[in-house]
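For reference, the structure discussed in these notes is given below.
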Amino acid sequence: MARRETPAAGPGSRALVVDVIRSAVSISRVELAERTNLTQPSISNIVRDLIADGIVHETGSTGSVRGKPRQLLAITPATRFGVGFQLGPETVTCVAIDLTGGVVGREVVPLDDTDLSDQLAERFDDFLLGLDLPRDRIEGLAVVAPAAPPSDRTGPPEWAAVRGRLAERLGIPVLVENDAAAAALGEFWTRRVSREQAFGSVYLSAGVGAGLVFGGALFRGASFDAGELGHMSIMYDGRPCPCGNRGCVERYASMTATVDAARAAGLAIEQKTVFSAYDAIAHAAVSGDPDAFAVVDQAAGYLSVAVTSMVNLLDLGRVVLTGPGMAIAGSIYARRLRAHLAATAHARHRHEIVVELSAQPRDAAGIGAAALVVQASIAPGHTTGMPGADRA
Ligand SMILES: [Zn+2]
């Protein structure tokens, strides 16, 4: 097997070292050098800086190798924090996490029709006061919403305005991101997924999205549009989609499509919003209502076809199902997907393809937003690259 080139120590090396410590929980400098292919002097320099910056600390020694005790290194949790705001139709979910991905605070507050940046700035101040978190320990704020363009891309002017006004008013870095991509990074970060793993997440909400993390960084594509799983066609002459294509999986498996399917099947649904109607169907499905189960199970089948194509295309090793649509009936989707992958995934005889359910599917995008802030702060330049670009 060809040995990888030893990368020169550069800005990407710091991100690499942080990421390996994060996913290992605790690790010695010797193991760090082995895992990163960086030289011992490079590791010593990077670790010294990380300790000085309060990002990493020594947790004590474990055994000894050739008479020398090995000091273990770990990420220091409660020194700095990232805040994420997940915008819903009528509410904002506020989340704060520490450097290890641990959630230190969460609240959901209503939004009204007044200026969005004014409301978010007030919510931010209230949230920190409630948690008793000092302002100077906050690394930044990331706001996520279904249609929000990533900060690095030129998006609609209203998003640039929200971002600019918030940054000016709060005096901290402000990022904007779409919810599915943020959720992928959040799941990657809080699950301590190793950067060697090709990792994807499926975000089920009013639409369907996905996020991909390769080499520890979100994969963005040519124009920051990677992960549009919802518009993967599963039927050549299927239902027309506003995107211009036909048979997009979003038209069959999104929460919106499932509510429509349930109504068409004659299920009595009184709830007005997509979210509350979908939750009622999901509750009925897991409580033994055969008609509701059939509707959700069929949506899960459609979704599994698209996700299997994504797994095959990218040879993923691990997929997490997340988003508000997975909060109640996630097990129905996970079962369907596991069965479909076990029967049809191209790489099924070569490696395991792990399917997991998010531990916090409703808050995943907000947690991911906070993770985006933490990653941008302790491993700068690492959130938007093409896979491996930071290590070139
Ligand atoms: Zn479409």
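Chain identifiers are assigned as A, B, and so on, following the order in which chains appear in the structure tokens; residues are numbered from 1 within each chain, and ligands are numbered from 1 in order of appearance.
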Can you list every residue of chain A that has an atom at most 8 Å from ligand 1, with its nearest atom pair and the distance in Å to one decimal, using only C-alpha atoms and all ligand atoms, ordered by chain then number, as CSV?
residue,atom,partner,partner_atom_place_in_ligand_line,distance
A:Gly230,CA,ligand 1,1 (Zn),6.6
A:His231,CA,ligand 1,1 (Zn),4.0
A:Met232,CA,ligand 1,1 (Zn),7.0
A:Ser233,CA,ligand 1,1 (Zn),7.3
A:Pro240,CA,ligand 1,1 (Zn),7.6
A:Cys241,CA,ligand 1,1 (Zn),4.5
A:Pro242,CA,ligand 1,1 (Zn),6.0
A:Cys243,CA,ligand 1,1 (Zn),4.3
A:Gly244,CA,ligand 1,1 (Zn),6.3
A:Asn245,CA,ligand 1,1 (Zn),5.2
A:Arg246,CA,ligand 1,1 (Zn),6.6
A:Gly247,CA,ligand 1,1 (Zn),7.4
A:Cys248,CA,ligand 1,1 (Zn),4.7
A:Val249,CA,ligand 1,1 (Zn),7.6
A:Glu250,CA,ligand 1,1 (Zn),6.8
A:Arg251,CA,ligand 1,1 (Zn),7.5
Could the residues in this selection be written to a file with N, CA, C and O atoms, as a PDB file, in the first residue's frame?
ATOM      1  N   GLY A 230     -32.870  16.383  -2.470  1.00  0.00           N
ATOM      2  CA  GLY A 230     -34.304  16.513  -2.735  1.00  0.00           C
ATOM      3  C   GLY A 230     -34.632  16.538  -4.218  1.00  0.00           C
ATOM      4  O   GLY A 230     -35.724  16.149  -4.623  1.00  0.00           O
ATOM      5  N   HIS A 231     -33.673  16.989  -5.034  1.00  0.00           N
ATOM      6  CA  HIS A 231     -33.940  17.095  -6.472  1.00  0.00           C
ATOM      7  C   HIS A 231     -33.224  16.004  -7.255  1.00  0.00           C
ATOM      8  O   HIS A 231     -32.951  16.152  -8.446  1.00  0.00           O
ATOM      9  N   MET A 232     -32.933  14.902  -6.570  1.00  0.00           N
ATOM     10  CA  MET A 232     -32.481  13.702  -7.272  1.00  0.00           C
ATOM     11  C   MET A 232     -33.749  13.006  -7.768  1.00  0.00           C
ATOM     12  O   MET A 232     -34.654  12.707  -6.992  1.00  0.00           O
ATOM     13  N   SER A 233     -33.821  12.776  -9.066  1.00  0.00           N
ATOM     14  CA  SER A 233     -35.026  12.154  -9.633  1.00  0.00           C
ATOM     15  C   SER A 233     -34.992  10.644  -9.394  1.00  0.00           C
ATOM     16  O   SER A 233     -33.976   9.990  -9.596  1.00  0.00           O
ATOM     17  N   PRO A 240     -44.016  16.391 -11.803  1.00  0.00           N
ATOM     18  CA  PRO A 240     -43.218  17.579 -12.108  1.00  0.00           C
ATOM     19  C   PRO A 240     -42.807  18.310 -10.830  1.00  0.00           C
ATOM     20  O   PRO A 240     -43.538  18.290  -9.838  1.00  0.00           O
ATOM     21  N   CYS A 241     -41.633  18.912 -10.867  1.00  0.00           N
ATOM     22  CA  CYS A 241     -41.109  19.630  -9.693  1.00  0.00           C
ATOM     23  C   CYS A 241     -40.846  21.077 -10.105  1.00  0.00           C
ATOM     24  O   CYS A 241     -40.453  21.333 -11.243  1.00  0.00           O
ATOM     25  N   PRO A 242     -41.038  22.043  -9.199  1.00  0.00           N
ATOM     26  CA  PRO A 242     -40.756  23.445  -9.541  1.00  0.00           C
ATOM     27  C   PRO A 242     -39.332  23.663 -10.042  1.00  0.00           C
ATOM     28  O   PRO A 242     -39.060  24.644 -10.735  1.00  0.00           O
ATOM     29  N   CYS A 243     -38.398  22.743  -9.728  1.00  0.00           N
ATOM     30  CA  CYS A 243     -37.006  22.918 -10.178  1.00  0.00           C
ATOM     31  C   CYS A 243     -36.871  22.713 -11.676  1.00  0.00           C
ATOM     32  O   CYS A 243     -35.846  23.042 -12.258  1.00  0.00           O
ATOM     33  N   GLY A 244     -37.889  22.138 -12.335  1.00  0.00           N
ATOM     34  CA  GLY A 244     -37.817  21.897 -13.770  1.00  0.00           C
ATOM     35  C   GLY A 244     -37.673  20.423 -14.117  1.00  0.00           C
ATOM     36  O   GLY A 244     -37.918  20.017 -15.254  1.00  0.00           O
ATOM     37  N   ASN A 245     -37.269  19.622 -13.128  1.00  0.00           N
ATOM     38  CA  ASN A 245     -37.089  18.184 -13.358  1.00  0.00           C
ATOM     39  C   ASN A 245     -38.402  17.452 -13.079  1.00  0.00           C
ATOM     40  O   ASN A 245     -39.388  18.049 -12.638  1.00  0.00           O
ATOM     41  N   ARG A 246     -38.396  16.177 -13.315  1.00  0.00           N
ATOM     42  CA  ARG A 246     -39.546  15.339 -12.966  1.00  0.00           C
ATOM     43  C   ARG A 246     -39.097  14.234 -12.019  1.00  0.00           C
ATOM     44  O   ARG A 246     -37.973  13.764 -12.085  1.00  0.00           O
ATOM     45  N   GLY A 247     -40.021  13.811 -11.150  1.00  0.00           N
ATOM     46  CA  GLY A 247     -39.747  12.660 -10.293  1.00  0.00           C
ATOM     47  C   GLY A 247     -38.766  12.938  -9.160  1.00  0.00           C
ATOM     48  O   GLY A 247     -38.182  12.006  -8.602  1.00  0.00           O
ATOM     49  N   CYS A 248     -38.562  14.219  -8.806  1.00  0.00           N
ATOM     50  CA  CYS A 248     -37.639  14.547  -7.699  1.00  0.00           C
ATOM     51  C   CYS A 248     -38.138  13.874  -6.416  1.00  0.00           C
ATOM     52  O   CYS A 248     -39.338  13.900  -6.115  1.00  0.00           O
ATOM     53  N   VAL A 249     -37.208  13.314  -5.635  1.00  0.00           N
ATOM     54  CA  VAL A 249     -37.601  12.562  -4.435  1.00  0.00           C
ATOM     55  C   VAL A 249     -38.349  13.451  -3.448  1.00  0.00           C
ATOM     56  O   VAL A 249     -39.216  12.985  -2.697  1.00  0.00           O
ATOM     57  N   GLU A 250     -38.065  14.757  -3.472  1.00  0.00           N
ATOM     58  CA  GLU A 250     -38.760  15.695  -2.595  1.00  0.00           C
ATOM     59  C   GLU A 250     -40.284  15.675  -2.844  1.00  0.00           C
ATOM     60  O   GLU A 250     -41.077  15.910  -1.939  1.00  0.00           O
ATOM     61  N   ARG A 251     -40.673  15.376  -4.095  1.00  0.00           N
ATOM     62  CA  ARG A 251     -42.095  15.344  -4.460  1.00  0.00           C
ATOM     63  C   ARG A 251     -42.793  14.092  -3.922  1.00  0.00           C
ATOM     64  O   ARG A 251     -43.996  13.937  -4.044  1.00  0.00           O
TER      65      ARG A 251
END
Step one, run DSSP on the backbone; step two, keep only residues of range 348-378 of chain A assigned to strand (DSSP E); then write them as an MDAnalysis selection string. chainID A and resid 354:357
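When CA of Asp297 in chain A is paired with CA of Arg335 in chain A, their separation reads 9.5 Å.
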Find the residues of range 241-358 of chain A that sit at most 12 Å from range 158-179 of chain A; for each, write down the nearest two atoms and how far apart they are in Å, to one decimal. Count only C-alpha atoms. Sort by chain, then by number going up, and give it as CSV.
residue,atom,partner,partner_atom,distance
A:Thr322,CA,A:Asp179,CA,10.8
A:Gly323,CA,A:Asp179,CA,8.8
A:Pro324,CA,A:Asp179,CA,11.1
Could you pull out the helix (DSSP H, G or I) residues of range 5-47 of chain A from DSSP and send them as number ranges by chain? A: 11-24, 29-36, 40-47
Which residues of range 177-241 of chain A sit at most 12 Å from range 25-43 of chain A, using only C-alpha atoms? Give each one's shortest atom pair and distance in Å (one decimal place), in chain and ascending residue order, as CSV.
residue,atom,partner,partner_atom,distance
A:Trp189,CA,A:Val25,CA,11.6
A:Thr190,CA,A:Val25,CA,11.3
A:Arg191,CA,A:Val25,CA,10.8
A:Arg192,CA,A:Val25,CA,7.9
A:Val193,CA,A:Val25,CA,10.7
A:Ser194,CA,A:Val25,CA,10.6
A:Arg195,CA,A:Thr36,CA,10.7
A:Glu196,CA,A:Arg35,CA,10.2
A:Gly215,CA,A:Thr36,CA,11.7
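Distance-wise, CA of Val305 in chain A and CA of Gly330 in chain A end up 16.2 Å apart.
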Excluding range 336-353 of chain A and any residue of its chain fewer than 6 positions from it, enumerate the residues within 7 Å of it, using only C-alpha atoms, and give them as a list of chain:residue names. A:Ala300, A:Gly301, A:Ser304, A:Thr308, A:Asn312, A:Gly317, A:Arg318
